[in-house]
file run09.txt (compact mmCIF, C-alpha atoms)
# COMPACT_ATOMS: atom_id res chain seq x y z
CA MET A 18 -91.10 4.51 207.53
CA THR A 19 -87.35 4.90 207.21
CA GLY A 20 -85.76 3.51 204.04
CA TYR A 21 -82.39 2.51 205.48
CA VAL A 22 -83.70 0.53 208.48
CA GLN A 23 -82.62 -2.81 207.02
CA ASN A 24 -79.14 -1.41 206.27
CA LYS A 25 -78.85 0.51 209.53
CA ASP A 26 -75.78 -1.37 210.78
CA ALA A 27 -73.95 -0.96 207.46
CA VAL A 28 -74.71 2.81 207.40
CA LEU A 29 -73.52 3.19 211.01
CA LYS A 30 -70.32 1.28 210.22
CA ARG A 31 -69.59 3.61 207.29
CA LEU A 32 -70.25 6.69 209.42
CA ARG A 33 -67.94 5.43 212.17
CA ARG A 34 -65.23 4.89 209.56
CA ILE A 35 -65.74 8.48 208.32
CA GLU A 36 -65.53 9.71 211.95
CA GLY A 37 -62.16 7.89 212.10
CA GLN A 38 -61.06 9.65 208.90
CA ILE A 39 -61.99 13.05 210.38
CA ARG A 40 -60.04 12.29 213.57
CA GLY A 41 -57.11 11.15 211.40
CA LEU A 42 -57.30 14.53 209.66
CA GLN A 43 -57.08 16.30 213.02
CA ARG A 44 -53.93 14.35 213.89
CA MET A 45 -52.44 15.20 210.47
CA VAL A 46 -53.13 18.92 210.95
CA ASP A 47 -51.84 18.78 214.54
CA ASP A 48 -48.62 17.14 213.26
CA GLU A 49 -48.39 19.81 210.51
CA VAL A 50 -48.41 17.23 207.71
CA TYR A 51 -47.82 18.64 204.19
CA CYS A 52 -50.94 20.46 202.82
CA ILE A 53 -51.33 18.29 199.72
CA ASP A 54 -51.37 15.08 201.80
CA VAL A 55 -54.04 16.58 204.08
CA LEU A 56 -56.05 17.62 201.00
CA THR A 57 -55.88 14.08 199.58
CA GLN A 58 -57.41 12.76 202.83
CA VAL A 59 -60.10 15.48 202.82
CA SER A 60 -61.05 14.39 199.28
CA ALA A 61 -61.24 10.75 200.43
CA ALA A 62 -63.53 11.66 203.36
CA THR A 63 -65.73 13.78 201.06
CA ARG A 64 -66.11 10.86 198.64
CA ALA A 65 -66.96 8.51 201.53
CA LEU A 66 -69.68 10.92 202.71
CA GLU A 67 -71.07 11.12 199.16
CA SER A 68 -71.23 7.31 199.05
CA VAL A 69 -73.26 7.29 202.27
CA ALA A 70 -75.61 9.87 200.77
CA LEU A 71 -76.05 7.90 197.54
CA GLY A 72 -76.76 4.71 199.53
CA LEU A 73 -79.36 6.48 201.70
CA LEU A 74 -80.97 7.95 198.61
CA GLN A 75 -81.23 4.59 196.85
CA ASN A 76 -82.85 3.06 199.98
CA HIS A 77 -85.19 6.05 200.18
CA LEU A 78 -86.29 5.66 196.55
CA SER A 79 -86.77 1.88 196.75
CA HIS A 80 -88.70 2.01 200.05
CA CYS A 81 -90.27 5.34 201.10
CA VAL A 82 -90.86 6.79 197.62
CA SER A 83 -91.87 3.44 196.09
CA ASP A 84 -94.36 2.77 198.93
CA ALA A 85 -95.88 6.24 198.53
CA ILE A 86 -96.26 5.75 194.76
CA ALA A 87 -97.78 2.27 195.24
CA GLU A 88 -100.35 3.85 197.60
CA GLY A 89 -100.96 6.64 195.08
CA GLY A 90 -102.55 10.03 195.73
CA GLN A 91 -100.98 13.34 196.64
CA THR A 92 -98.36 11.81 198.96
CA ALA A 93 -96.67 10.13 195.97
CA GLU A 94 -96.20 13.45 194.15
CA LEU A 95 -94.95 15.10 197.32
CA LYS A 96 -92.39 12.34 197.96
CA VAL A 97 -91.02 12.57 194.41
CA ARG A 98 -90.62 16.35 194.71
CA GLU A 99 -88.98 16.00 198.13
CA ALA A 100 -86.53 13.38 196.77
CA SER A 101 -85.73 15.59 193.75
CA GLU A 102 -84.88 18.48 196.07
CA ALA A 103 -82.56 16.25 198.13
CA ILE A 104 -80.84 15.14 194.90
CA SER A 105 -80.35 18.81 193.90
CA ARG A 106 -78.76 19.62 197.28
CA LEU A 107 -76.47 16.60 196.85
CA VAL A 108 -75.42 17.47 193.28
CA ARG A 109 -74.70 21.06 194.30
CA SER A 110 -72.84 20.26 197.53
CA MET B 28 -92.32 6.45 177.62
CA THR B 29 -90.09 9.50 177.96
CA GLY B 30 -90.48 11.54 181.15
CA TYR B 31 -89.66 14.97 179.71
CA VAL B 32 -92.04 14.84 176.71
CA GLN B 33 -94.41 17.42 178.18
CA ASN B 34 -91.45 19.74 178.91
CA LYS B 35 -89.63 19.04 175.65
CA ASP B 36 -89.75 22.64 174.39
CA ALA B 37 -88.48 24.02 177.70
CA VAL B 38 -85.59 21.49 177.76
CA LEU B 39 -84.66 22.33 174.14
CA LYS B 40 -84.74 26.06 174.92
CA ARG B 41 -82.34 25.55 177.85
CA LEU B 42 -80.00 23.42 175.73
CA ARG B 43 -79.96 26.05 172.96
CA ARG B 44 -79.07 28.69 175.56
CA ILE B 45 -76.21 26.45 176.80
CA GLU B 46 -75.05 26.01 173.17
CA GLY B 47 -74.93 29.82 173.00
CA GLN B 48 -72.86 29.93 176.20
CA ILE B 49 -70.38 27.42 174.72
CA ARG B 50 -70.09 29.50 171.52
CA GLY B 51 -69.61 32.59 173.68
CA LEU B 52 -66.76 30.76 175.43
CA GLN B 53 -65.13 30.06 172.07
CA ARG B 54 -65.26 33.77 171.19
CA MET B 55 -63.76 34.66 174.60
CA VAL B 56 -60.89 32.20 174.12
CA ASP B 57 -60.37 33.39 170.54
CA ASP B 58 -60.19 37.00 171.79
CA GLU B 59 -57.75 35.87 174.54
CA VAL B 60 -59.98 37.14 177.35
CA TYR B 61 -58.48 36.96 180.86
CA CYS B 62 -58.45 33.35 182.25
CA ILE B 63 -60.52 34.11 185.35
CA ASP B 64 -63.33 35.66 183.26
CA VAL B 65 -63.35 32.60 180.99
CA LEU B 66 -63.45 30.33 184.08
CA THR B 67 -66.44 32.23 185.49
CA GLN B 68 -68.34 31.57 182.26
CA VAL B 69 -67.31 27.87 182.26
CA SER B 70 -68.73 27.58 185.82
CA ALA B 71 -71.98 29.24 184.67
CA ALA B 72 -72.34 26.80 181.74
CA THR B 73 -71.59 23.84 184.04
CA ARG B 74 -74.28 24.96 186.47
CA ALA B 75 -76.77 25.40 183.59
CA LEU B 76 -76.04 21.82 182.41
CA GLU B 77 -76.56 20.53 185.96
CA SER B 78 -79.93 22.28 186.10
CA VAL B 79 -80.96 20.53 182.87
CA ALA B 80 -79.88 17.19 184.39
CA LEU B 81 -81.81 17.82 187.61
CA GLY B 82 -84.92 18.78 185.63
CA LEU B 83 -84.71 15.64 183.46
CA LEU B 84 -84.21 13.51 186.57
CA GLN B 85 -87.27 14.97 188.32
CA ASN B 86 -89.40 14.34 185.20
CA HIS B 87 -87.97 10.81 185.00
CA LEU B 88 -88.85 10.06 188.64
CA SER B 89 -92.36 11.52 188.45
CA HIS B 90 -93.23 9.77 185.16
CA CYS B 91 -91.11 6.74 184.11
CA VAL B 92 -90.16 5.52 187.59
CA SER B 93 -93.56 6.32 189.12
CA ASP B 94 -95.37 4.47 186.29
CA ALA B 95 -93.11 1.42 186.70
CA ILE B 96 -93.73 1.36 190.47
CA ALA B 97 -97.50 1.77 190.00
CA GLU B 98 -97.43 -1.23 187.65
CA GLY B 99 -95.30 -3.16 190.15
CA GLY B 100 -93.14 -6.22 189.56
CA GLN B 101 -89.48 -6.51 188.61
CA THR B 102 -89.51 -3.48 186.28
CA ALA B 103 -90.12 -1.18 189.26
CA GLU B 104 -87.03 -2.42 191.09
CA LEU B 105 -84.97 -2.16 187.92
CA LYS B 106 -86.08 1.43 187.25
CA VAL B 107 -85.21 2.52 190.79
CA ARG B 108 -81.73 0.98 190.51
CA GLU B 109 -81.22 2.58 187.07
CA ALA B 110 -82.26 6.00 188.41
CA SER B 111 -79.95 5.61 191.44
CA GLU B 112 -77.03 4.90 189.12
CA ALA B 113 -77.81 8.01 187.05
CA ILE B 114 -77.91 10.08 190.26
CA SER B 115 -74.49 8.67 191.26
CA ARG B 116 -72.99 9.65 187.88
CA LEU B 117 -74.46 13.12 188.31
CA VAL B 118 -73.17 13.62 191.86
CA ARG B 119 -69.70 12.44 190.87
CA SER B 120 -69.47 14.45 187.62
CA MET C 27 -43.12 24.28 205.14
CA THR C 28 -46.80 23.77 205.80
CA GLY C 29 -49.16 26.45 204.47
CA TYR C 30 -51.85 26.25 207.17
CA VAL C 31 -49.51 26.49 210.20
CA GLN C 32 -50.68 29.99 211.08
CA ASN C 33 -54.34 28.88 210.81
CA LYS C 34 -53.78 25.51 212.52
CA ASP C 35 -56.16 26.20 215.43
CA ALA C 36 -58.93 27.42 213.13
CA VAL C 37 -58.55 24.33 210.89
CA LEU C 38 -58.62 22.01 213.93
CA LYS C 39 -61.72 23.77 215.26
CA ARG C 40 -63.52 23.26 211.93
CA LEU C 41 -62.50 19.57 211.82
CA ARG C 42 -63.76 19.01 215.39
CA ARG C 43 -67.07 20.58 214.42
CA ILE C 44 -67.27 18.23 211.42
CA GLU C 45 -66.47 15.28 213.72
CA GLY C 46 -69.45 16.42 215.82
CA GLN C 47 -71.63 16.52 212.68
CA ILE C 48 -70.61 12.93 211.82
CA ARG C 49 -71.41 11.77 215.35
CA GLY C 50 -74.74 13.58 215.11
CA LEU C 51 -75.40 11.65 211.89
CA GLN C 52 -74.73 8.37 213.73
CA ARG C 53 -77.30 9.30 216.38
CA MET C 54 -79.83 10.22 213.69
CA VAL C 55 -79.35 6.88 211.91
CA ASP C 56 -79.48 5.00 215.23
CA ASP C 57 -82.78 6.79 216.06
CA GLU C 58 -84.05 5.93 212.55
CA VAL C 59 -84.67 9.59 211.66
CA TYR C 60 -86.41 10.18 208.31
CA CYS C 61 -84.04 9.62 205.32
CA ILE C 62 -84.43 13.12 203.85
CA ASP C 63 -83.47 14.76 207.16
CA VAL C 64 -80.38 12.53 207.39
CA LEU C 65 -79.50 13.44 203.78
CA THR C 66 -79.77 17.16 204.54
CA GLN C 67 -77.22 16.72 207.35
CA VAL C 68 -74.91 14.65 205.10
CA SER C 69 -74.99 17.51 202.55
CA ALA C 70 -74.14 20.01 205.31
CA ALA C 71 -71.15 17.92 206.48
CA THR C 72 -69.95 17.51 202.87
CA ARG C 73 -70.08 21.28 202.33
CA ALA C 74 -68.19 21.84 205.60
CA LEU C 75 -65.45 19.43 204.46
CA GLU C 76 -65.24 21.23 201.11
CA SER C 77 -64.79 24.54 202.93
CA VAL C 78 -61.88 23.06 204.91
CA ALA C 79 -60.33 21.84 201.64
CA LEU C 80 -60.73 25.24 199.97
CA GLY C 81 -59.17 26.97 202.98
CA LEU C 82 -56.20 24.59 203.01
CA LEU C 83 -55.74 25.09 199.29
CA GLN C 84 -55.74 28.88 199.55
CA ASN C 85 -53.13 28.69 202.35
CA HIS C 86 -51.10 26.26 200.26
CA LEU C 87 -51.14 28.58 197.23
CA SER C 88 -50.28 31.72 199.20
CA HIS C 89 -47.45 30.08 201.16
CA CYS C 90 -45.93 26.83 199.80
CA VAL C 91 -46.58 27.48 196.09
CA SER C 92 -45.78 31.20 196.31
CA ASP C 93 -42.51 30.50 198.15
CA ALA C 94 -41.49 27.89 195.57
CA ILE C 95 -42.23 30.32 192.71
CA ALA C 96 -40.33 33.15 194.43
CA GLU C 97 -37.32 30.81 194.72
CA GLY C 98 -37.77 29.80 191.07
CA GLY C 99 -36.38 26.75 189.32
CA GLN C 100 -37.88 23.31 188.80
CA THR C 101 -39.50 23.15 192.25
CA ALA C 102 -41.86 25.98 191.26
CA GLU C 103 -43.14 24.10 188.23
CA LEU C 104 -43.52 20.92 190.27
CA LYS C 105 -45.51 22.70 193.01
CA VAL C 106 -47.90 24.24 190.47
CA ARG C 107 -48.52 20.84 188.87
CA GLU C 108 -49.02 19.21 192.28
CA ALA C 109 -51.52 21.92 193.31
CA SER C 110 -53.38 21.54 189.98
CA GLU C 111 -53.74 17.80 190.59
CA ALA C 112 -55.09 18.42 194.10
CA ILE C 113 -57.62 20.89 192.63
CA SER C 114 -58.72 18.25 190.07
CA ARG C 115 -59.27 15.66 192.82
CA LEU C 116 -61.31 18.24 194.74
CA VAL C 117 -63.47 19.26 191.77
CA ARG C 118 -64.17 15.62 190.92
CA SER C 119 -64.88 14.43 194.47
CA MET D 4 -51.22 38.22 179.92
CA THR D 5 -53.52 35.29 179.25
CA GLY D 6 -52.35 31.93 180.60
CA TYR D 7 -53.86 29.69 177.90
CA VAL D 8 -52.51 31.58 174.87
CA GLN D 9 -50.05 28.83 173.98
CA ASN D 10 -52.84 26.22 174.26
CA LYS D 11 -55.48 28.36 172.55
CA ASP D 12 -56.06 25.95 169.64
CA ALA D 13 -56.39 22.94 171.96
CA VAL D 14 -58.88 24.81 174.20
CA LEU D 15 -60.93 25.89 171.15
CA LYS D 16 -60.95 22.33 169.82
CA ARG D 17 -62.29 21.04 173.16
CA LEU D 18 -64.98 23.74 173.27
CA ARG D 19 -66.08 22.92 169.71
CA ARG D 20 -66.36 19.25 170.70
CA ILE D 21 -68.51 20.25 173.71
CA GLU D 22 -70.68 22.41 171.40
CA GLY D 23 -71.16 19.25 169.31
CA GLN D 24 -72.17 17.32 172.45
CA ILE D 25 -74.76 20.00 173.33
CA ARG D 26 -76.17 19.88 169.78
CA GLY D 27 -76.25 16.07 170.05
CA LEU D 28 -78.26 16.48 173.26
CA GLN D 29 -80.78 18.69 171.43
CA ARG D 30 -81.25 15.99 168.77
CA MET D 31 -81.71 13.33 171.49
CA VAL D 32 -84.37 15.42 173.24
CA ASP D 33 -86.05 16.24 169.92
CA ASP D 34 -86.16 12.49 169.12
CA GLU D 35 -87.53 11.81 172.64
CA VAL D 36 -84.67 9.46 173.52
CA TYR D 37 -85.02 7.67 176.90
CA CYS D 38 -84.32 10.01 179.88
CA ILE D 39 -81.47 7.93 181.34
CA ASP D 40 -79.58 7.95 178.02
CA VAL D 41 -79.97 11.74 177.78
CA LEU D 42 -78.75 12.07 181.39
CA THR D 43 -75.65 9.97 180.62
CA GLN D 44 -74.77 12.40 177.83
CA VAL D 45 -75.40 15.43 180.03
CA SER D 46 -72.96 13.96 182.60
CA ALA D 47 -70.37 13.43 179.83
CA ALA D 48 -70.70 17.06 178.64
CA THR D 49 -70.45 18.31 182.25
CA ARG D 50 -67.25 16.34 182.81
CA ALA D 51 -65.82 17.68 179.52
CA LEU D 52 -66.54 21.26 180.65
CA GLU D 53 -64.87 20.56 184.00
CA SER D 54 -61.78 19.32 182.15
CA VAL D 55 -61.63 22.57 180.18
CA ALA D 56 -61.90 24.52 183.45
CA LEU D 57 -59.14 22.49 185.12
CA GLY D 58 -56.88 22.98 182.09
CA LEU D 59 -57.48 26.74 182.06
CA LEU D 60 -56.81 26.89 185.79
CA GLN D 61 -53.51 25.02 185.52
CA ASN D 62 -52.39 27.37 182.72
CA HIS D 63 -53.49 30.35 184.81
CA LEU D 64 -51.49 29.18 187.83
CA SER D 65 -48.34 28.36 185.85
CA HIS D 66 -48.38 31.62 183.87
CA CYS D 67 -50.42 34.55 185.24
CA VAL D 68 -50.18 33.69 188.95
CA SER D 69 -46.55 32.53 188.72
CA ASP D 70 -45.55 35.71 186.88
CA ALA D 71 -47.28 37.89 189.47
CA ILE D 72 -45.55 36.05 192.32
CA ALA D 73 -42.16 36.29 190.59
CA GLU D 74 -42.69 40.07 190.30
CA GLY D 75 -43.80 40.16 193.95
CA GLY D 76 -45.73 42.88 195.73
CA GLN D 77 -49.46 43.31 196.23
CA THR D 78 -50.42 41.96 192.80
CA ALA D 79 -49.13 38.50 193.79
CA GLU D 80 -51.40 38.32 196.82
CA LEU D 81 -54.35 39.58 194.78
CA LYS D 82 -53.80 36.98 192.04
CA VAL D 83 -53.65 34.13 194.58
CA ARG D 84 -56.91 35.27 196.20
CA GLU D 85 -58.57 35.66 192.79
CA ALA D 86 -57.45 32.14 191.77
CA SER D 87 -58.70 30.70 195.09
CA GLU D 88 -62.12 32.25 194.48
CA ALA D 89 -62.27 30.75 190.97
CA ILE D 90 -61.38 27.34 192.45
CA SER D 91 -64.20 27.70 195.02
CA ARG D 92 -66.73 28.51 192.28
CA LEU D 93 -65.51 25.45 190.35
CA VAL D 94 -65.68 23.07 193.33
CA ARG D 95 -69.20 24.26 194.19
CA SER D 96 -70.58 24.23 190.63

call {"tool": "encode", "arguments": {"input": "run09.txt", "output": "structure tokens"}}
result
Amino acid sequence: MTGYVQNKDAVLKRLRRIEGQIRGLQRMVDDEVYCIDVLTQVSAATRALESVALGLLQNHLSHCVSDAIAEGGQTAELKVREASEAISRLVRS
Amino acid sequence: MTGYVQNKDAVLKRLRRIEGQIRGLQRMVDDEVYCIDVLTQVSAATRALESVALGLLQNHLSHCVSDAIAEGGQTAELKVREASEAISRLVRS
Amino acid sequence: MTGYVQNKDAVLKRLRRIEGQIRGLQRMVDDEVYCIDVLTQVSAATRALESVALGLLQNHLSHCVSDAIAEGGQTAELKVREASEAISRLVRS
Amino acid sequence: MTGYVQNKDAVLKRLRRIEGQIRGLQRMVDDEVYCIDVLTQVSAATRALESVALGLLQNHLSHCVSDAIAEGGQTAELKVREASEAISRLVRS
């Protein structure tokens, strides 16, 4: 099961907006816009990506991990460890 | 219930080591050590604090959140949302 | 003056690769790929964006800020403050 | 030269406050306070440490790096690269 299935359209919409931000960045660099203004837009795109990640993670915890725990057994433990590792990658990226 | 109870001594040991790092930073600043060397130590202490947070979070998911989900009902949903908010604070700090 | 002018092609190449990563993410979400695998790719794209930011910042410091300091006067001070604010946004994003 | 010399007392005051936060965290863990409340305090201490780092960095840029650039030559280039590396460590920690 995939945790974000019910929010699939919203996730796709956010990703398309981020794709637009990245293309906007290319235009800025091509037009040799001032570094600091480019950096401000890079920070905005990074935050938008982080929001997508946090949304996916919340869906994952409330569906995939919750279902595994409700079923019990070894899968539950494995899913919690897997989620913790994804959180670590996110915090450190 | 508190998720880190079984790891309490290990968490305390890590926090005491971080306290030592912060006192070390005070000595460095007092001795007017070169900025970049102070910054390297600040980054090390920040990473150590993040590790403590990630450890606490994993314990929280595998005990408090898992127990709430196993019991079911509204508490489960609430615990997942609460954990997601803590993860957001962590990612953005 | 724009600090990344001499690296413009390299910056554009990196941004196009990130655009490809974001489009890849859209395909993954559309195909309902497992949450954790999507998250791993989001972390990779976030790190790639951070690398672009750090590159732009280094160029900005070694050209725009350095030039302003070499000229001296109030502009120098202003440029250092502006760069510090951009660094803060980056660290907190 | 050390960039934060004129702000030494302010930096020390901030570090002592962070030391107090870390000791507060030890008491919370010892009292088995609820995980999420401990995590909130860890995030607060992490942000406080980041503020110290950003302050040190701004001082470093406006004193050490600026002085090196004003003098010119190879040292200037070296200082800019060194500062950029410290910024990278900070962004990734």

call {"tool": "residues_around", "arguments": {"input": "run09.txt", "residues": "B:Gln53", "least_positions_apart": "5", "cutoff": "12 Å", "atoms": "all atoms listed in the file", "output": "tab-separated table (two decimals) with C-alpha atoms, in the coordinates of the input"}}
result
chain	number	residue	atom	x	y	z
B	46	GLU	CA	-75.05	26.01	173.17
B	47	GLY	CA	-74.93	29.82	173.00
B	48	GLN	CA	-72.86	29.93	176.20
B	58	ASP	CA	-60.19	37.00	171.79
B	59	GLU	CA	-57.75	35.87	174.54
B	60	VAL	CA	-59.98	37.14	177.35
B	65	VAL	CA	-63.35	32.60	180.99
B	68	GLN	CA	-68.34	31.57	182.26
B	69	VAL	CA	-67.31	27.87	182.26
D	11	LYS	CA	-55.48	28.36	172.55
D	12	ASP	CA	-56.06	25.95	169.64
D	13	ALA	CA	-56.39	22.94	171.96
D	14	VAL	CA	-58.88	24.81	174.20
D	15	LEU	CA	-60.93	25.89	171.15
D	16	LYS	CA	-60.95	22.33	169.82
D	17	ARG	CA	-62.29	21.04	173.16
D	18	LEU	CA	-64.98	23.74	173.27
D	19	ARG	CA	-66.08	22.92	169.71
D	20	ARG	CA	-66.36	19.25	170.70
D	21	ILE	CA	-68.51	20.25	173.71
D	22	GLU	CA	-70.68	22.41	171.40
D	55	VAL	CA	-61.63	22.57	180.18

call {"tool": "closest_residue", "arguments": {"input": "run09.txt", "among": "D:Thr5, D:Gln77, D:Ser96, D:Asn10", "to": "B:Leu76", "atoms": "only C-alpha atoms"}}
result
D:Ser96

call {"tool": "residues_around", "arguments": {"input": "run09.txt", "residues": "D:Tyr7", "least_positions_apart": "6", "cutoff": "12 Å", "atoms": "all atoms listed in the file", "output": "list in words"}}
result
Met55, Val56, Asp57, Asp58, Glu59, Val60, Tyr61, Cys62, Ile63, Val65 and Leu66 of chain B; Ala13, Val14, Leu15, Val55, Ala56, Leu57, Gly58, Leu59, Leu60, Gln61, Asn62, His63, Leu64, Ser65, His66 and Cys67 of chain D

call {"tool": "calpha_fit_and_write", "arguments": {"input": "run09.txt", "fixed": "chain C", "moving": "chain B", "output": "mmCIF file with C-alpha atoms, in the frame of the given file"}}
result
data_model
loop_
_atom_site.group_PDB
_atom_site.id
_atom_site.type_symbol
_atom_site.label_atom_id
_atom_site.label_comp_id
_atom_site.auth_asym_id
_atom_site.auth_seq_id
_atom_site.Cartn_x
_atom_site.Cartn_y
_atom_site.Cartn_z
ATOM 1 C CA MET B 28 -43.089 24.282 205.185
ATOM 2 C CA THR B 29 -46.793 23.779 205.831
ATOM 3 C CA GLY B 30 -49.133 26.454 204.466
ATOM 4 C CA TYR B 31 -51.822 26.253 207.157
ATOM 5 C CA VAL B 32 -49.509 26.500 210.201
ATOM 6 C CA GLN B 33 -50.664 30.009 211.088
ATOM 7 C CA ASN B 34 -54.317 28.887 210.822
ATOM 8 C CA LYS B 35 -53.786 25.526 212.510
ATOM 9 C CA ASP B 36 -56.147 26.211 215.429
ATOM 10 C CA ALA B 37 -58.919 27.425 213.123
ATOM 11 C CA VAL B 38 -58.550 24.325 210.884
ATOM 12 C CA LEU B 39 -58.622 22.005 213.931
ATOM 13 C CA LYS B 40 -61.722 23.768 215.278
ATOM 14 C CA ARG B 41 -63.526 23.247 211.949
ATOM 15 C CA LEU B 42 -62.509 19.578 211.825
ATOM 16 C CA ARG B 43 -63.745 19.016 215.395
ATOM 17 C CA ARG B 44 -67.077 20.593 214.427
ATOM 18 C CA ILE B 45 -67.274 18.232 211.407
ATOM 19 C CA GLU B 46 -66.471 15.283 213.725
ATOM 20 C CA GLY B 47 -69.456 16.422 215.811
ATOM 21 C CA GLN B 48 -71.644 16.515 212.689
ATOM 22 C CA ILE B 49 -70.601 12.939 211.814
ATOM 23 C CA ARG B 50 -71.416 11.766 215.365
ATOM 24 C CA GLY B 51 -74.740 13.590 215.107
ATOM 25 C CA LEU B 52 -75.405 11.645 211.896
ATOM 26 C CA GLN B 53 -74.740 8.380 213.722
ATOM 27 C CA ARG B 54 -77.295 9.309 216.398
ATOM 28 C CA MET B 55 -79.842 10.226 213.687
ATOM 29 C CA VAL B 56 -79.353 6.885 211.922
ATOM 30 C CA ASP B 57 -79.486 5.026 215.243
ATOM 31 C CA ASP B 58 -82.777 6.790 216.073
ATOM 32 C CA GLU B 59 -84.064 5.929 212.553
ATOM 33 C CA VAL B 60 -84.679 9.573 211.645
ATOM 34 C CA TYR B 61 -86.421 10.170 208.296
ATOM 35 C CA CYS B 62 -84.043 9.619 205.296
ATOM 36 C CA ILE B 63 -84.435 13.113 203.842
ATOM 37 C CA ASP B 64 -83.471 14.752 207.166
ATOM 38 C CA VAL B 65 -80.389 12.523 207.389
ATOM 39 C CA LEU B 66 -79.497 13.424 203.769
ATOM 40 C CA THR B 67 -79.764 17.149 204.536
ATOM 41 C CA GLN B 68 -77.232 16.718 207.343
ATOM 42 C CA VAL B 69 -74.912 14.631 205.104
ATOM 43 C CA SER B 70 -74.981 17.494 202.539
ATOM 44 C CA ALA B 71 -74.145 20.004 205.303
ATOM 45 C CA ALA B 72 -71.161 17.911 206.478
ATOM 46 C CA THR B 73 -69.959 17.498 202.873
ATOM 47 C CA ARG B 74 -70.090 21.251 202.329
ATOM 48 C CA ALA B 75 -68.197 21.844 205.608
ATOM 49 C CA LEU B 76 -65.451 19.418 204.464
ATOM 50 C CA GLU B 77 -65.231 21.226 201.114
ATOM 51 C CA SER B 78 -64.789 24.534 202.931
ATOM 52 C CA VAL B 79 -61.884 23.046 204.908
ATOM 53 C CA ALA B 80 -60.332 21.838 201.628
ATOM 54 C CA LEU B 81 -60.736 25.239 199.968
ATOM 55 C CA GLY B 82 -59.180 26.965 202.987
ATOM 56 C CA LEU B 83 -56.192 24.581 203.019
ATOM 57 C CA LEU B 84 -55.745 25.073 199.275
ATOM 58 C CA GLN B 85 -55.732 28.878 199.563
ATOM 59 C CA ASN B 86 -53.131 28.694 202.367
ATOM 60 C CA HIS B 87 -51.103 26.250 200.255
ATOM 61 C CA LEU B 88 -51.134 28.573 197.224
ATOM 62 C CA SER B 89 -50.289 31.718 199.196
ATOM 63 C CA HIS B 90 -47.454 30.074 201.172
ATOM 64 C CA CYS B 91 -45.938 26.823 199.791
ATOM 65 C CA VAL B 92 -46.559 27.473 196.091
ATOM 66 C CA SER B 93 -45.779 31.199 196.312
ATOM 67 C CA ASP B 94 -42.489 30.493 198.153
ATOM 68 C CA ALA B 95 -41.475 27.886 195.553
ATOM 69 C CA ILE B 96 -42.226 30.314 192.700
ATOM 70 C CA ALA B 97 -40.335 33.151 194.426
ATOM 71 C CA GLU B 98 -37.325 30.831 194.717
ATOM 72 C CA GLY B 99 -37.744 29.804 191.072
ATOM 73 C CA GLY B 100 -36.365 26.750 189.296
ATOM 74 C CA GLN B 101 -37.860 23.301 188.799
ATOM 75 C CA THR B 102 -39.503 23.161 192.248
ATOM 76 C CA ALA B 103 -41.861 25.988 191.252
ATOM 77 C CA GLU B 104 -43.142 24.102 188.213
ATOM 78 C CA LEU B 105 -43.518 20.934 190.257
ATOM 79 C CA LYS B 106 -45.506 22.695 192.999
ATOM 80 C CA VAL B 107 -47.901 24.240 190.479
ATOM 81 C CA ARG B 108 -48.526 20.847 188.850
ATOM 82 C CA GLU B 109 -49.015 19.211 192.276
ATOM 83 C CA ALA B 110 -51.515 21.907 193.303
ATOM 84 C CA SER B 111 -53.393 21.550 189.984
ATOM 85 C CA GLU B 112 -53.741 17.818 190.585
ATOM 86 C CA ALA B 113 -55.113 18.426 194.094
ATOM 87 C CA ILE B 114 -57.641 20.895 192.641
ATOM 88 C CA SER B 115 -58.720 18.260 190.076
ATOM 89 C CA ARG B 116 -59.287 15.669 192.832
ATOM 90 C CA LEU B 117 -61.315 18.243 194.742
ATOM 91 C CA VAL B 118 -63.485 19.261 191.779
ATOM 92 C CA ARG B 119 -64.170 15.630 190.907
ATOM 93 C CA SER B 120 -64.882 14.454 194.480
#

call {"tool": "closest_atom_pairs", "arguments": {"input": "run09.txt", "of": "chain B", "to": "chain C", "cutoff": "12 Å", "atoms": "all atoms listed in the file", "output": "JSON lines"}}
result
{"residue": "B:Ser70", "atom": "CA", "partner": "C:Val117", "partner_atom": "CA", "distance": 11.5}
{"residue": "B:Ser115", "atom": "CA", "partner": "C:Ser119", "partner_atom": "CA", "distance": 11.7}
{"residue": "B:Arg116", "atom": "CA", "partner": "C:Arg118", "partner_atom": "CA", "distance": 11.1}
{"residue": "B:Leu117", "atom": "CA", "partner": "C:Arg118", "partner_atom": "CA", "distance": 10.9}
{"residue": "B:Val118", "atom": "CA", "partner": "C:Ser119", "partner_atom": "CA", "distance": 8.7}
{"residue": "B:Arg119", "atom": "CA", "partner": "C:Ser119", "partner_atom": "CA", "distance": 6.3}
{"residue": "B:Ser120", "atom": "CA", "partner": "C:Arg118", "partner_atom": "CA", "distance": 6.4}

call {"tool": "write_last_selection", "arguments": {"input": "run09.txt", "atoms": "C-alpha atoms", "output": "tab-separated table (two decimals), keeping the file's coordinate frame"}}
result
chain	number	residue	atom	x	y	z
B	70	SER	CA	-68.73	27.58	185.82
B	115	SER	CA	-74.49	8.67	191.26
B	116	ARG	CA	-72.99	9.65	187.88
B	117	LEU	CA	-74.46	13.12	188.31
B	118	VAL	CA	-73.17	13.62	191.86
B	119	ARG	CA	-69.70	12.44	190.87
B	120	SER	CA	-69.47	14.45	187.62

call {"tool": "atom_distance", "arguments": {"input": "run09.txt", "atom1": "atom CA of B:Ala95", "atom2": "atom CA of B:Ala113"}}
result
16.7 Å

call {"tool": "atom_distance", "arguments": {"input": "run09.txt", "atom1": "atom CA of D:Glu80", "atom2": "atom CA of D:Val68"}}
result
9.2 Å

call {"tool": "atom_distance", "arguments": {"input": "run09.txt", "atom1": "atom CA of B:Ile49", "atom2": "atom CA of C:Ala109"}}
result
27.0 Å
